[in-house]
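Structure data (mmCIF, C-alpha atoms) from run.cif:
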```cif
data_start
#
loop_
_atom_site.label_atom_id
_atom_site.label_comp_id
_atom_site.auth_asym_id
_atom_site.auth_seq_id
_atom_site.Cartn_x
_atom_site.Cartn_y
_atom_site.Cartn_z
CA MET A 26 16.96 -8.75 -5.26
CA TYR A 27 20.26 -9.94 -3.86
CA PRO A 28 22.73 -8.58 -6.42
CA HIS A 29 22.32 -5.06 -5.11
CA GLU A 30 23.03 -6.07 -1.52
CA ARG A 31 25.89 -8.34 -2.50
CA SER A 32 27.42 -5.56 -4.55
CA LEU A 33 26.98 -3.04 -1.75
CA VAL A 34 28.70 -5.28 0.76
CA LYS A 35 31.52 -5.92 -1.68
CA GLN A 36 32.01 -2.27 -2.59
CA LEU A 37 31.99 -1.13 1.02
CA ALA A 38 33.99 -4.03 2.42
CA ASP A 39 36.80 -1.80 3.70
CA LYS A 40 34.50 0.97 4.94
CA PRO A 41 32.75 1.34 8.30
CA PHE A 42 29.58 -0.15 6.91
CA ALA A 43 27.47 -3.14 7.85
CA LEU A 44 24.46 -4.67 6.18
CA ILE A 45 22.24 -6.30 8.78
CA GLY A 46 19.15 -8.22 7.81
CA VAL A 47 15.99 -8.98 9.67
CA ASN A 48 14.76 -12.14 8.08
CA SER A 49 11.06 -12.92 8.12
CA ASP A 50 11.05 -16.37 6.60
CA SER A 51 9.23 -18.95 8.65
CA ASP A 52 11.35 -21.92 7.63
CA LEU A 53 14.76 -21.50 9.23
CA GLU A 54 16.31 -24.54 7.53
CA GLU A 55 15.25 -23.33 4.14
CA ILE A 56 16.63 -19.84 4.64
CA ARG A 57 19.93 -21.23 5.90
CA GLU A 58 20.15 -23.14 2.62
CA THR A 59 19.35 -19.99 0.63
CA VAL A 60 21.99 -18.02 2.47
CA LYS A 61 24.57 -20.66 1.60
CA GLU A 62 23.47 -21.11 -1.98
CA LYS A 63 23.23 -17.43 -2.82
CA LYS A 64 26.31 -16.49 -0.82
CA LEU A 65 24.55 -13.96 1.37
CA THR A 66 27.46 -13.04 3.57
CA TRP A 67 25.76 -10.56 5.85
CA ARG A 68 24.26 -11.31 9.20
CA SER A 69 20.53 -11.40 9.81
CA PHE A 70 18.38 -11.37 12.90
CA GLN A 71 15.62 -13.95 13.01
CA ASN A 72 12.52 -11.81 12.98
CA LYS A 73 10.80 -14.08 15.46
CA GLY A 74 13.91 -14.84 17.48
CA GLY A 75 12.67 -12.94 20.55
CA ASP A 76 9.47 -12.36 22.50
CA GLU A 77 8.00 -10.00 19.97
CA PRO A 78 8.68 -10.14 16.22
CA ILE A 79 11.13 -7.35 15.39
CA SER A 80 8.96 -6.31 12.47
CA ASP A 81 6.05 -5.74 14.89
CA LYS A 82 8.13 -3.68 17.24
CA TRP A 83 9.46 -1.66 14.31
CA LYS A 84 5.95 -1.37 12.82
CA ILE A 85 7.03 -2.66 9.46
CA GLN A 86 4.18 -2.46 6.98
CA GLY A 87 5.76 -3.77 3.82
CA TRP A 88 8.68 -5.84 2.65
CA PRO A 89 11.40 -5.12 1.85
CA THR A 90 11.84 -2.09 4.11
CA VAL A 91 15.26 -0.56 4.60
CA PHE A 92 16.60 1.69 7.33
CA ILE A 93 19.93 3.47 7.11
CA LEU A 94 21.47 4.26 10.49
CA ASP A 95 24.43 6.59 10.83
CA ALA A 96 27.43 5.88 13.04
CA GLU A 97 25.51 7.24 16.03
CA GLY A 98 22.61 4.92 15.44
CA LYS A 99 20.35 7.70 14.18
CA ILE A 100 17.83 6.81 11.52
CA ARG A 101 18.77 8.66 8.37
CA PHE A 102 16.54 6.91 5.88
CA LYS A 103 13.56 4.65 5.97
CA GLY A 104 11.69 3.27 3.01
CA HIS A 105 11.56 0.95 0.06
CA GLY A 106 13.54 3.03 -2.36
CA ALA A 107 17.16 3.52 -3.23
CA ALA A 108 19.25 4.46 -0.21
CA ASP A 109 22.70 4.53 -1.77
CA LYS A 110 22.93 8.32 -1.59
CA VAL A 111 22.19 8.33 2.13
CA ILE A 112 24.82 5.66 2.71
CA GLU A 113 27.33 7.80 0.82
CA GLU A 114 26.36 10.81 2.94
CA CYS A 115 26.77 8.92 6.20
CA LEU A 116 30.13 7.52 5.14
CA ALA A 117 31.29 10.98 4.04
CA GLU A 118 30.55 12.24 7.56
CA LEU A 119 33.05 9.64 8.78
CA GLY A 120 35.61 10.88 6.27
CA HIS A 121 35.07 8.20 3.63
CA GLU A 122 34.25 9.55 0.21
CA VAL A 123 32.60 6.77 -1.75
CA VAL A 124 30.53 6.63 -4.91
CA ILE A 125 28.41 3.53 -4.88
CA GLN A 126 28.06 1.88 -8.29
CA ASP A 127 24.87 0.26 -9.49
CA ALA A 128 24.58 -3.46 -8.91
CA GLU A 129 24.31 -4.05 -12.65
CA SER A 130 27.78 -2.71 -13.32
CA GLU A 131 29.18 -4.56 -10.31
CA ASP A 132 27.82 -7.92 -11.38
CA PRO A 133 28.71 -8.03 -15.06
CA PRO A 134 27.66 -10.96 -17.18
CA ASN A 135 30.50 -13.41 -17.71
CA ASP A 136 31.58 -12.19 -21.11
CA GLU A 137 32.14 -8.70 -19.76
CA ALA A 138 33.93 -9.73 -16.60
CA ASP A 139 37.17 -7.91 -15.93
CA SER A 140 40.13 -10.01 -16.84
CA GLU A 141 43.30 -9.17 -14.99
CA MET B 21 15.08 -5.33 -4.92
CA TYR B 22 14.29 -1.64 -5.04
CA ARG B 23 12.44 -2.17 -8.20
CA VAL B 24 10.29 -4.73 -6.44
CA GLY B 25 9.59 -2.17 -3.73
CA ALA B 26 8.66 0.39 -6.31
CA MET B 27 6.34 -2.05 -8.01
CA LEU B 28 4.66 -2.85 -4.73
CA LEU B 29 4.22 0.79 -3.89
CA ALA B 30 2.95 1.50 -7.37
CA ALA B 31 0.50 -1.35 -7.10
CA SER B 32 -0.70 -0.16 -3.73
CA LEU B 33 -1.08 3.34 -5.09
CA LEU B 34 -3.09 2.06 -7.98
CA ILE B 35 -5.53 0.04 -6.02
CA GLY B 36 -5.20 2.08 -2.91
CA CYS B 37 -5.12 -0.80 -0.52
CA SER B 38 -3.05 -3.64 0.82
CA LYS B 39 -3.20 -7.14 -0.61
CA ASP B 40 -5.34 -8.07 2.35
CA SER B 41 -7.87 -5.42 1.82
CA ALA B 42 -7.77 -5.99 -1.92
CA GLU B 43 -8.95 -9.50 -1.25
CA LYS B 44 -11.59 -8.16 1.03
CA SER B 45 -12.68 -5.60 -1.50
CA ALA B 46 -13.21 -8.28 -4.08
CA LYS B 47 -15.90 -9.59 -1.80
CA THR B 48 -17.39 -6.28 -0.85
CA LEU B 49 -20.31 -6.24 -3.19
CA PRO B 50 -22.93 -8.26 -1.33
CA THR B 51 -24.53 -11.29 -2.87
CA LYS B 52 -28.24 -11.00 -3.22
CA GLY B 53 -29.57 -14.52 -3.24
CA GLU B 54 -32.89 -13.22 -1.99
CA ASN B 55 -33.47 -11.46 -5.26
CA GLN B 56 -33.76 -14.58 -7.34
CA ALA B 57 -37.36 -14.95 -6.25
CA VAL B 58 -38.36 -11.71 -7.88
CA GLU B 59 -36.80 -12.33 -11.24
CA LYS B 60 -40.08 -13.40 -12.77
CA VAL B 61 -41.61 -10.06 -12.02
CA VAL B 62 -38.90 -8.48 -14.01
CA GLU B 63 -40.19 -9.98 -17.22
CA LYS B 64 -42.58 -7.09 -17.07
CA LYS B 65 -39.66 -4.73 -17.37
CA GLU B 66 -40.34 -4.35 -21.06
CA GLN B 67 -43.63 -2.63 -20.26
CA GLU B 68 -43.88 1.06 -19.56
CA GLU B 69 -42.33 1.59 -16.18
CA SER B 70 -45.09 3.99 -15.24
CA GLU B 71 -47.50 1.07 -15.31
CA LEU B 72 -45.48 -0.80 -12.71
CA THR B 73 -46.21 -0.67 -9.02
CA SER B 74 -43.47 0.54 -6.71
CA GLU B 75 -42.82 -3.07 -5.67
CA GLU B 76 -42.35 -4.04 -9.28
CA ILE B 77 -39.98 -1.17 -9.86
CA ALA B 78 -38.00 -2.20 -6.82
CA ALA B 79 -37.88 -5.74 -8.12
CA ALA B 80 -36.77 -4.57 -11.55
CA ALA B 81 -34.10 -2.41 -9.94
CA SER B 82 -32.90 -5.24 -7.82
CA SER B 83 -32.80 -7.73 -10.65
CA ALA B 84 -30.93 -5.35 -12.92
CA PHE B 85 -28.46 -4.76 -10.12
CA VAL B 86 -27.90 -8.46 -9.50
CA LYS B 87 -27.24 -9.04 -13.16
CA LEU B 88 -24.88 -6.09 -13.41
CA GLN B 89 -23.01 -7.25 -10.36
CA ALA B 90 -22.67 -10.81 -11.64
CA ASP B 91 -21.44 -9.59 -15.03
CA SER B 92 -18.97 -7.26 -13.38
CA ARG B 93 -17.58 -9.98 -11.13
CA LYS B 94 -17.23 -12.37 -14.01
CA SER B 95 -15.41 -9.78 -16.07
CA GLU B 96 -13.14 -8.91 -13.16
CA ALA B 97 -12.28 -12.57 -12.53
CA GLU B 98 -11.47 -13.09 -16.19
CA PHE B 99 -9.38 -9.94 -16.24
CA MET B 100 -7.32 -10.93 -13.19
CA GLN B 101 -6.84 -14.36 -14.75
CA LYS B 102 -5.54 -12.66 -17.88
CA VAL B 103 -3.18 -10.45 -15.86
CA GLN B 104 -1.79 -13.41 -13.99
CA SER B 105 -1.17 -15.48 -17.08
CA ALA B 106 0.44 -12.62 -18.98
CA PRO B 107 4.24 -12.48 -19.28
CA ARG B 108 5.68 -10.90 -16.17
CA GLU B 109 6.94 -7.75 -17.83
CA GLN B 110 3.51 -7.02 -19.27
CA GLN B 111 1.52 -7.64 -16.09
CA MET B 112 1.84 -4.15 -14.68
CA GLU B 113 0.71 -2.44 -17.85
CA LEU B 114 -2.14 -4.85 -18.32
CA PHE B 115 -3.18 -4.45 -14.69
CA GLN B 116 -3.16 -0.70 -15.11
CA SER B 117 -5.48 -0.96 -18.09
CA GLY B 118 -8.13 -2.00 -15.58
CA GLY B 119 -10.08 -4.37 -17.80
CA GLU B 120 -13.73 -3.41 -18.09
CA ARG B 121 -14.00 -1.75 -14.70
CA LYS B 122 -14.64 1.67 -16.18
CA GLN B 123 -17.45 0.42 -18.37
CA PHE B 124 -19.06 -1.33 -15.44
CA ALA B 125 -18.63 1.74 -13.26
CA ALA B 126 -20.56 3.76 -15.83
CA LYS B 127 -23.28 1.11 -15.89
CA PHE B 128 -23.55 1.09 -12.11
CA LEU B 129 -23.87 4.86 -12.05
CA GLU B 130 -26.50 4.76 -14.76
CA TRP B 131 -28.39 2.17 -12.74
CA ALA B 132 -28.17 4.26 -9.59
CA LYS B 133 -29.56 7.28 -11.38
CA LYS B 134 -32.35 5.27 -12.96
CA TYR B 135 -33.45 3.80 -9.65
CA PRO B 136 -32.73 6.44 -7.02
CA ASP B 137 -33.12 5.44 -3.37
CA SER B 138 -32.96 1.70 -4.11
CA ALA B 139 -31.47 -0.61 -1.54
CA ASP B 140 -28.26 -1.04 -3.50
CA GLU B 141 -27.85 2.59 -4.48
CA PHE B 142 -24.89 3.16 -2.24
CA THR B 143 -23.05 0.04 -3.39
CA ALA B 144 -23.51 1.02 -7.02
CA ILE B 145 -22.39 4.60 -6.45
CA GLN B 146 -19.42 3.42 -4.46
CA PHE B 147 -18.30 1.16 -7.28
CA ALA B 148 -18.70 4.02 -9.75
CA SER B 149 -16.71 6.35 -7.53
CA GLU B 150 -13.83 3.92 -7.17
CA LYS B 151 -13.58 2.42 -10.62
CA GLY B 152 -15.11 4.95 -12.93
CA ASP B 153 -13.32 7.24 -15.34
CA GLU B 154 -13.08 10.84 -14.25
CA THR B 155 -16.56 11.92 -15.31
CA VAL B 156 -18.26 8.89 -13.79
CA ALA B 157 -16.25 9.00 -10.57
CA ASP B 158 -16.84 12.72 -10.14
CA GLU B 159 -20.56 12.33 -10.56
CA ALA B 160 -20.59 9.39 -8.14
CA ILE B 161 -18.65 11.35 -5.55
CA LYS B 162 -21.12 14.22 -5.89
CA LEU B 163 -23.95 11.79 -5.18
CA ILE B 164 -22.14 10.46 -2.11
CA ASN B 165 -21.49 14.00 -0.92
CA SER B 166 -25.12 14.98 -1.34
CA LYS B 167 -26.72 11.86 0.13
CA PHE B 168 -24.37 9.71 2.16
CA ILE B 169 -21.77 11.65 4.13
CA ASN B 170 -23.17 10.39 7.43
CA ASP B 171 -23.87 6.90 6.20
CA ASP B 172 -22.16 4.04 8.01
CA ARG B 173 -21.69 2.26 4.72
CA LEU B 174 -19.08 4.84 3.83
CA LEU B 175 -16.92 2.98 6.31
CA GLY B 176 -16.57 0.10 3.86
CA LEU B 177 -15.03 2.50 1.37
CA LEU B 178 -12.89 4.20 3.99
CA ASN B 179 -11.90 0.80 5.32
CA ARG B 180 -10.43 -0.07 1.99
CA TYR B 181 -8.71 3.27 2.03
CA GLY B 182 -7.11 2.20 5.29
CA MET B 183 -3.71 1.94 3.66
CA GLY B 184 -4.36 5.35 2.22
CA ALA B 185 -6.53 6.37 -0.67
CA PRO B 186 -4.77 6.59 -4.02
CA PRO B 187 -2.99 9.93 -3.72
CA GLU B 188 -5.03 12.18 -5.95
CA GLN B 189 -6.48 15.64 -5.51
CA LYS B 190 -10.05 14.43 -5.83
CA ASN B 191 -9.51 11.90 -3.04
CA GLU B 192 -8.08 14.53 -0.77
CA ASP B 193 -11.09 16.75 -1.53
CA PHE B 194 -13.45 13.88 -0.87
CA LEU B 195 -11.88 12.97 2.47
CA GLN B 196 -11.54 16.59 3.53
CA ASN B 197 -15.23 17.14 2.84
CA LEU B 198 -16.11 14.19 5.10
CA ILE B 199 -13.79 15.48 7.79
CA ASP B 200 -15.35 18.95 7.61
CA ASN B 201 -18.99 18.01 7.19
CA SER B 202 -19.81 14.51 8.37
CA THR B 203 -21.50 14.34 11.75
CA ASN B 204 -20.90 10.59 12.00
CA PRO B 205 -17.84 10.19 14.24
CA ALA B 206 -16.93 6.82 12.70
CA VAL B 207 -16.95 8.32 9.22
CA LYS B 208 -15.08 11.39 10.34
CA GLY B 209 -12.40 9.47 12.26
CA SER B 210 -11.89 7.01 9.41
CA ALA B 211 -11.63 9.86 6.93
CA ILE B 212 -8.92 11.53 9.01
CA TYR B 213 -7.05 8.22 9.18
CA SER B 214 -7.39 7.64 5.43
CA LEU B 215 -6.22 11.14 4.63
CA ALA B 216 -3.25 10.81 6.98
CA LYS B 217 -2.23 7.50 5.38
CA MET B 218 -2.61 9.06 1.97
CA LEU B 219 -0.38 11.98 2.90
CA GLN B 220 2.12 9.53 4.32
CA THR B 221 2.22 7.77 0.96
CA VAL B 222 2.73 11.13 -0.70
CA SER B 223 5.65 11.85 1.57
CA GLU B 224 7.29 8.49 0.77
CA ALA B 225 6.52 8.69 -2.91
CA LYS B 226 8.05 12.16 -3.19
CA GLY B 227 11.41 10.72 -2.21
CA MET B 228 11.06 7.71 -4.46
CA MET B 229 10.07 9.79 -7.43
CA ALA B 230 13.10 12.01 -6.95
CA ASP B 231 15.36 8.93 -6.96
CA GLN B 232 13.59 7.01 -9.67
CA PRO B 233 11.98 9.32 -12.23
CA GLU B 234 10.81 6.28 -14.16
CA MET B 235 8.28 5.69 -11.38
CA LYS B 236 6.26 8.50 -12.84
CA LYS B 237 5.43 6.33 -15.78
CA MET B 238 4.07 3.62 -13.52
CA LEU B 239 1.59 5.88 -11.76
CA PRO B 240 -1.60 7.49 -12.98
CA GLN B 241 -1.04 11.08 -14.10
CA ALA B 242 -3.37 12.37 -11.37
CA SER B 243 -1.17 10.75 -8.72
CA VAL B 244 2.03 12.10 -10.23
CA GLU B 245 0.56 15.61 -10.19
CA PHE B 246 -0.73 15.32 -6.65
CA ILE B 247 2.51 13.87 -5.28
CA GLY B 248 4.38 16.70 -6.98
CA LYS B 249 2.40 19.37 -5.10
CA ASP B 250 4.10 21.39 -2.38
CA PHE B 251 2.72 20.17 0.95
CA GLY B 252 5.28 21.89 3.14
CA ASP B 253 6.55 19.78 6.04
CA LEU B 254 4.06 16.95 6.26
CA ASN B 255 5.36 15.40 9.46
CA PRO B 256 3.89 17.83 12.02
CA LYS B 257 0.60 17.73 10.12
CA LEU B 258 0.55 13.93 10.22
CA GLU B 259 1.47 13.78 13.86
CA ALA B 260 -1.39 16.16 14.69
CA MET B 261 -3.85 14.06 12.69
CA PHE B 262 -2.85 10.81 14.39
CA THR B 263 -2.99 12.52 17.79
CA ASP B 264 -6.49 13.78 16.97
CA ILE B 265 -7.53 10.21 16.14
CA VAL B 266 -6.10 8.75 19.35
CA ASP B 267 -7.74 11.50 21.42
CA ASN B 268 -11.14 11.65 19.74
CA PHE B 269 -11.79 8.65 17.51
CA GLY B 270 -9.89 5.86 19.25
CA ASP B 271 -12.84 3.45 19.40
CA VAL B 272 -13.71 3.58 15.72
CA LYS B 273 -13.17 0.19 14.12
CA LEU B 274 -11.08 -0.37 11.02
CA GLY B 275 -10.97 -3.99 9.95
CA ASN B 276 -10.26 -5.98 13.07
CA LYS B 277 -8.46 -3.13 14.81
CA VAL B 278 -9.52 0.18 16.25
CA LEU B 279 -8.24 3.52 14.99
CA GLY B 280 -6.74 4.31 18.41
CA GLU B 281 -4.40 1.34 18.09
CA LEU B 282 -3.47 2.05 14.48
CA ALA B 283 -2.89 5.75 15.05
CA GLY B 284 -1.06 4.92 18.27
CA ASP B 285 1.35 2.75 16.25
CA GLU B 286 1.89 5.65 13.89
CA LEU B 287 2.67 7.98 16.78
CA PHE B 288 5.11 5.40 18.15
CA VAL B 289 6.82 5.48 14.76
CA PHE B 290 7.01 9.28 14.87
CA LYS B 291 8.54 9.17 18.32
CA TYR B 292 11.01 6.33 17.90
CA LEU B 293 11.28 5.13 14.34
CA SER B 294 11.35 8.15 12.07
CA VAL B 295 14.25 9.84 10.37
CA GLY B 296 16.35 11.71 12.94
CA LYS B 297 15.54 9.43 15.90
CA VAL B 298 18.03 7.02 17.41
CA ALA B 299 16.96 3.55 16.32
CA PRO B 300 15.63 1.25 19.03
CA GLU B 301 17.88 -1.61 20.13
CA ILE B 302 17.46 -5.02 18.61
CA ASP B 303 18.63 -7.79 20.89
CA GLY B 304 18.15 -11.01 18.98
CA VAL B 305 19.68 -14.07 17.41
CA ASP B 306 21.13 -14.59 13.96
CA LEU B 307 20.14 -17.36 11.57
CA ASP B 308 22.55 -19.71 13.36
CA ASP B 309 20.88 -18.89 16.69
CA LYS B 310 23.87 -16.85 17.88
CA PRO B 311 22.84 -13.83 19.93
CA PHE B 312 23.81 -10.35 18.76
CA LYS B 313 22.66 -6.76 19.05
CA LEU B 314 22.08 -3.92 16.67
CA SER B 315 24.14 -1.66 18.94
CA ASP B 316 27.17 -3.93 18.35
CA TYR B 317 27.48 -2.00 15.10
CA ARG B 318 27.46 1.49 16.59
CA GLY B 319 30.25 3.48 14.95
CA LYS B 320 29.44 2.03 11.56
CA VAL B 321 26.90 3.03 9.00
CA VAL B 322 24.25 0.33 9.11
CA MET B 323 21.81 -0.70 6.46
CA LEU B 324 19.06 -2.59 8.26
CA ASP B 325 17.16 -4.60 5.75
CA PHE B 326 13.84 -6.26 6.59
CA TRP B 327 13.80 -9.03 4.04
CA GLY B 328 12.45 -12.42 3.21
CA ASP B 329 13.20 -14.93 0.52
CA TRP B 330 9.67 -15.43 -0.73
#
```

Encoded form using structure tokens:
Amino acid sequence: MYPHERSLVKQLADKPFALIGVNSDSDLEEIRETVKEKKLTWRSFQNKGGDEPISDKWKIQGWPTVFILDAEGKIRFKGHGAADKVIEECLAELGHEVVIQDAESEDPPNDEADSE
Amino acid sequence: MYRVGAMLLAASLLIGCSKDSAEKSAKTLPTKGENQAVEKVVEKKEQEESELTSEEIAAAASSAFVKLQADSRKSEAEFMQKVQSAPREQQMELFQSGGERKQFAAKFLEWAKKYPDSADEFTAIQFASEKGDETVADEAIKLINSKFINDDRLLGLLNRYGMGAPPEQKNEDFLQNLIDNSTNPAVKGSAIYSLAKMLQTVSEAKGMMADQPEMKKMLPQASVEFIGKDFGDLNPKLEAMFTDIVDNFGDVKLGNKVLGELAGDELFVFKYLSVGKVAPEIDGVDLDDKPFKLSDYRGKVVMLDFWGDW
């Protein structure tokens, strides 16, 4: 499940875009390891870092759930499905025309990797 | 990861309930230890039934039911075992095949018709309505509609529909009939909640199906057709239904919650967490315990991803 996120972050690195996680794992040490191992470069809230789990406050009913917020913080998408189009829309509103590529083509197997 | 989401949604559409309630539903059919005592009487079953006293018929009915139930459970357990041990890529298809549920549903219906008004009639009909093929399920639903629309035991069925009944026309018809005709407030309130959750699923699935046409292949044809229907703008309809529940059916229990709380959560989502609303602030700590806020990222497009590495 990470290739898509990793690819998104990479493709949009120079755009006004941020991937923010809310992590629901109970074992903090373990997830820190995972983050290092799998090179998950984006920042995540600890779901239970505050008084009330964020997922409770946000009434999350299934994982993973994704929200896309525009530059004004307005919710533009909420769900489990592909949100790339909405991200493109929101970026276009900020004057950035982007076409997001599928993770598969971004993370080619070694033998197909671009050689410079 | 989206594929995982789609699979989860598809699975929930198929069985029409959360993992939690799926576990519960596996235990729904009651055990009938008390019936073992009467099994001897049943030896007489071979005789003409007209010669049997009403007690003997009841005993025969009960014994046949217990056997059917045991066979069905055994078959289901073996089937789930088979699904779990199948190669991952085949699990979904195998799961969709449903094992012998349809055959058992037909047997339960047959039993219910043979022994009308028996103690377990409702349980048998319920099983037939949920697991049967179209003919069996339709007939079972007709029986429920003619005999049980005010029956508290319907709540068990509606309870399992808490996450939303599988989105199909016949389920909408069934729930709408309860809403229109049941005089039992618990049944009526639960039916409104089930229908609202079902329409919510429809609304989500519409978007997913547009993005991922291959989803259509993962869902039963009846669901694909129903989701494809034109419902107009579902949001005002849903908001009205949840408001109705909070106002009129708040005390009705669903699982360990009451409908007022569940519908209240939904209304909260409409007000603060739906598309078009400004997202609530998150003031928390990152995985290294450093504090940060969601609003730190105002001015950027943010993908907020509720995830877990499990």

Run through the PyMOL selection byres ((chain A and resi 45-57) around 6) on the given coordinates and return the selected residues as a list in words.
->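 For this structure, the PyMOL selection byres ((chain A and resi 45-57) around 6) captures Leu44, Glu58, Thr59, Val60, Arg68, Ser69, Phe70, Gln71 and Asn72 of chain A; Leu324, Asp325, Phe326, Trp327 and Gly328 of chain B.
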
For chain B, report every residue with an atom at most 6 Å from chain A (counting all atoms listed in the file), formatted as number ranges by chain.
-> B: 21-22, 25, 228, 295-299, 304-307, 318-328

Output file for the selection above: C-alpha atoms, as a PDB file, in the frame of the given file:
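Just written: part17.pdb:
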```pdb
ATOM      1  CA  MET B  21      15.080  -5.330  -4.920  1.00  0.00           C
ATOM      2  CA  TYR B  22      14.290  -1.640  -5.040  1.00  0.00           C
ATOM      3  CA  GLY B  25       9.590  -2.170  -3.730  1.00  0.00           C
ATOM      4  CA  MET B 228      11.060   7.710  -4.460  1.00  0.00           C
ATOM      5  CA  VAL B 295      14.250   9.840  10.370  1.00  0.00           C
ATOM      6  CA  GLY B 296      16.350  11.710  12.940  1.00  0.00           C
ATOM      7  CA  LYS B 297      15.540   9.430  15.900  1.00  0.00           C
ATOM      8  CA  VAL B 298      18.030   7.020  17.410  1.00  0.00           C
ATOM      9  CA  ALA B 299      16.960   3.550  16.320  1.00  0.00           C
ATOM     10  CA  GLY B 304      18.150 -11.010  18.980  1.00  0.00           C
ATOM     11  CA  VAL B 305      19.680 -14.070  17.410  1.00  0.00           C
ATOM     12  CA  ASP B 306      21.130 -14.590  13.960  1.00  0.00           C
ATOM     13  CA  LEU B 307      20.140 -17.360  11.570  1.00  0.00           C
ATOM     14  CA  ARG B 318      27.460   1.490  16.590  1.00  0.00           C
ATOM     15  CA  GLY B 319      30.250   3.480  14.950  1.00  0.00           C
ATOM     16  CA  LYS B 320      29.440   2.030  11.560  1.00  0.00           C
ATOM     17  CA  VAL B 321      26.900   3.030   9.000  1.00  0.00           C
ATOM     18  CA  VAL B 322      24.250   0.330   9.110  1.00  0.00           C
ATOM     19  CA  MET B 323      21.810  -0.700   6.460  1.00  0.00           C
ATOM     20  CA  LEU B 324      19.060  -2.590   8.260  1.00  0.00           C
ATOM     21  CA  ASP B 325      17.160  -4.600   5.750  1.00  0.00           C
ATOM     22  CA  PHE B 326      13.840  -6.260   6.590  1.00  0.00           C
ATOM     23  CA  TRP B 327      13.800  -9.030   4.040  1.00  0.00           C
ATOM     24  CA  GLY B 328      12.450 -12.420   3.210  1.00  0.00           C
TER      25      GLY B 328
END
```

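With the shown file loaded, the PyMOL selection byres ((chain B and resi 92-98) around 10) picks out Ala46, Lys47, Leu49, Val86, Lys87, Leu88, Gln89, Ala90, Asp91, Phe99, Met100, Gln101, Lys102, Val103, Gln104, Gly118, Gly119, Glu120, Arg121, Gln123, Phe124, Ala125, Lys127 and Phe128 of chain B.
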
Excluding Gly284 in chain B and residues on its chain fewer than 4 positions from it, collect all residues at most 12 Å away from it, counting all atoms listed in the file, and give them as a PyMOL selection string.
-> (chain A and resi 84) or (chain B and resi 213+259-267+269-271+277-280+288-291)

Which polymer residues have any atom within 9 Å of an atom of Gln116 in chain B, counting only C-alpha atoms, with same-chain residues fewer than 2 positions away left out, as a list in words?
->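 Here the answer would be Ala31, Leu34, Gln111, Met112, Glu113, Leu114, Gly118, Gly119, Met238, Leu239 and Pro240 of chain B.
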
When the PyMOL selection byres ((chain B and resi 220) around 10) is applied to the file above, which residues end up in the set, as a list in words?
->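 When the PyMOL selection byres ((chain B and resi 220) around 10) is applied, the selected residues are Met183, Gly184, Pro187, Ser214, Leu215, Ala216, Lys217, Met218, Leu219, Thr221, Val222, Ser223, Glu224, Ala225, Lys226, Leu254, Asn255 and Leu258 of chain B.
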
Length of the CA of Asn197 in chain B to CA of Ile169 in chain B vector [Å] =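 For CA of Asn197 in chain B relative to CA of Ile169 in chain B, the distance reads 8.6 Å.
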
What is the distance between CA of Ala206 in chain B and CA of Ser294 in chain B, in Å to one decimal?
->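 Value for the CA of Ala206 in chain B-CA of Ser294 in chain B distance: 28.3 Å.
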
Please write range 97-106 of chain A of the preceding block to a file containing N, CA and C atoms, as an mmCIF file, in the first residue's frame?
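Written out: out_10.cif:
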```cif
data_model
loop_
_atom_site.group_PDB
_atom_site.id
_atom_site.type_symbol
_atom_site.label_atom_id
_atom_site.label_comp_id
_atom_site.auth_asym_id
_atom_site.auth_seq_id
_atom_site.Cartn_x
_atom_site.Cartn_y
_atom_site.Cartn_z
ATOM 1 N N GLU A 97 -7.483 25.925 1.181
ATOM 2 C CA GLU A 97 -8.219 26.632 2.229
ATOM 3 C C GLU A 97 -8.659 25.723 3.363
ATOM 4 N N GLY A 98 -8.254 24.478 3.276
ATOM 5 C CA GLY A 98 -8.595 23.547 4.343
ATOM 6 C C GLY A 98 -9.963 22.913 4.166
ATOM 7 N N LYS A 99 -10.589 23.173 3.015
ATOM 8 C CA LYS A 99 -11.909 22.597 2.759
ATOM 9 C C LYS A 99 -11.780 21.150 2.314
ATOM 10 N N ILE A 100 -12.682 20.314 2.832
ATOM 11 C CA ILE A 100 -12.676 18.911 2.431
ATOM 12 C C ILE A 100 -13.198 18.797 1.005
ATOM 13 N N ARG A 101 -12.390 18.206 0.146
ATOM 14 C CA ARG A 101 -12.789 18.080 -1.257
ATOM 15 C C ARG A 101 -13.066 16.633 -1.630
ATOM 16 N N PHE A 102 -12.560 15.728 -0.822
ATOM 17 C CA PHE A 102 -12.776 14.314 -1.087
ATOM 18 C C PHE A 102 -12.645 13.565 0.221
ATOM 19 N N LYS A 103 -13.442 12.503 0.321
ATOM 20 C CA LYS A 103 -13.358 11.673 1.505
ATOM 21 C C LYS A 103 -13.734 10.277 1.079
ATOM 22 N N GLY A 104 -12.920 9.299 1.383
ATOM 23 C CA GLY A 104 -13.284 7.946 0.983
ATOM 24 C C GLY A 104 -12.125 6.989 0.986
ATOM 25 N N HIS A 105 -12.351 5.846 0.345
ATOM 26 C CA HIS A 105 -11.322 4.814 0.305
ATOM 27 C C HIS A 105 -10.754 4.694 -1.096
ATOM 28 N N GLY A 106 -11.338 5.398 -2.019
ATOM 29 C CA GLY A 106 -10.967 5.188 -3.416
ATOM 30 C C GLY A 106 -9.878 6.124 -3.895
#
```
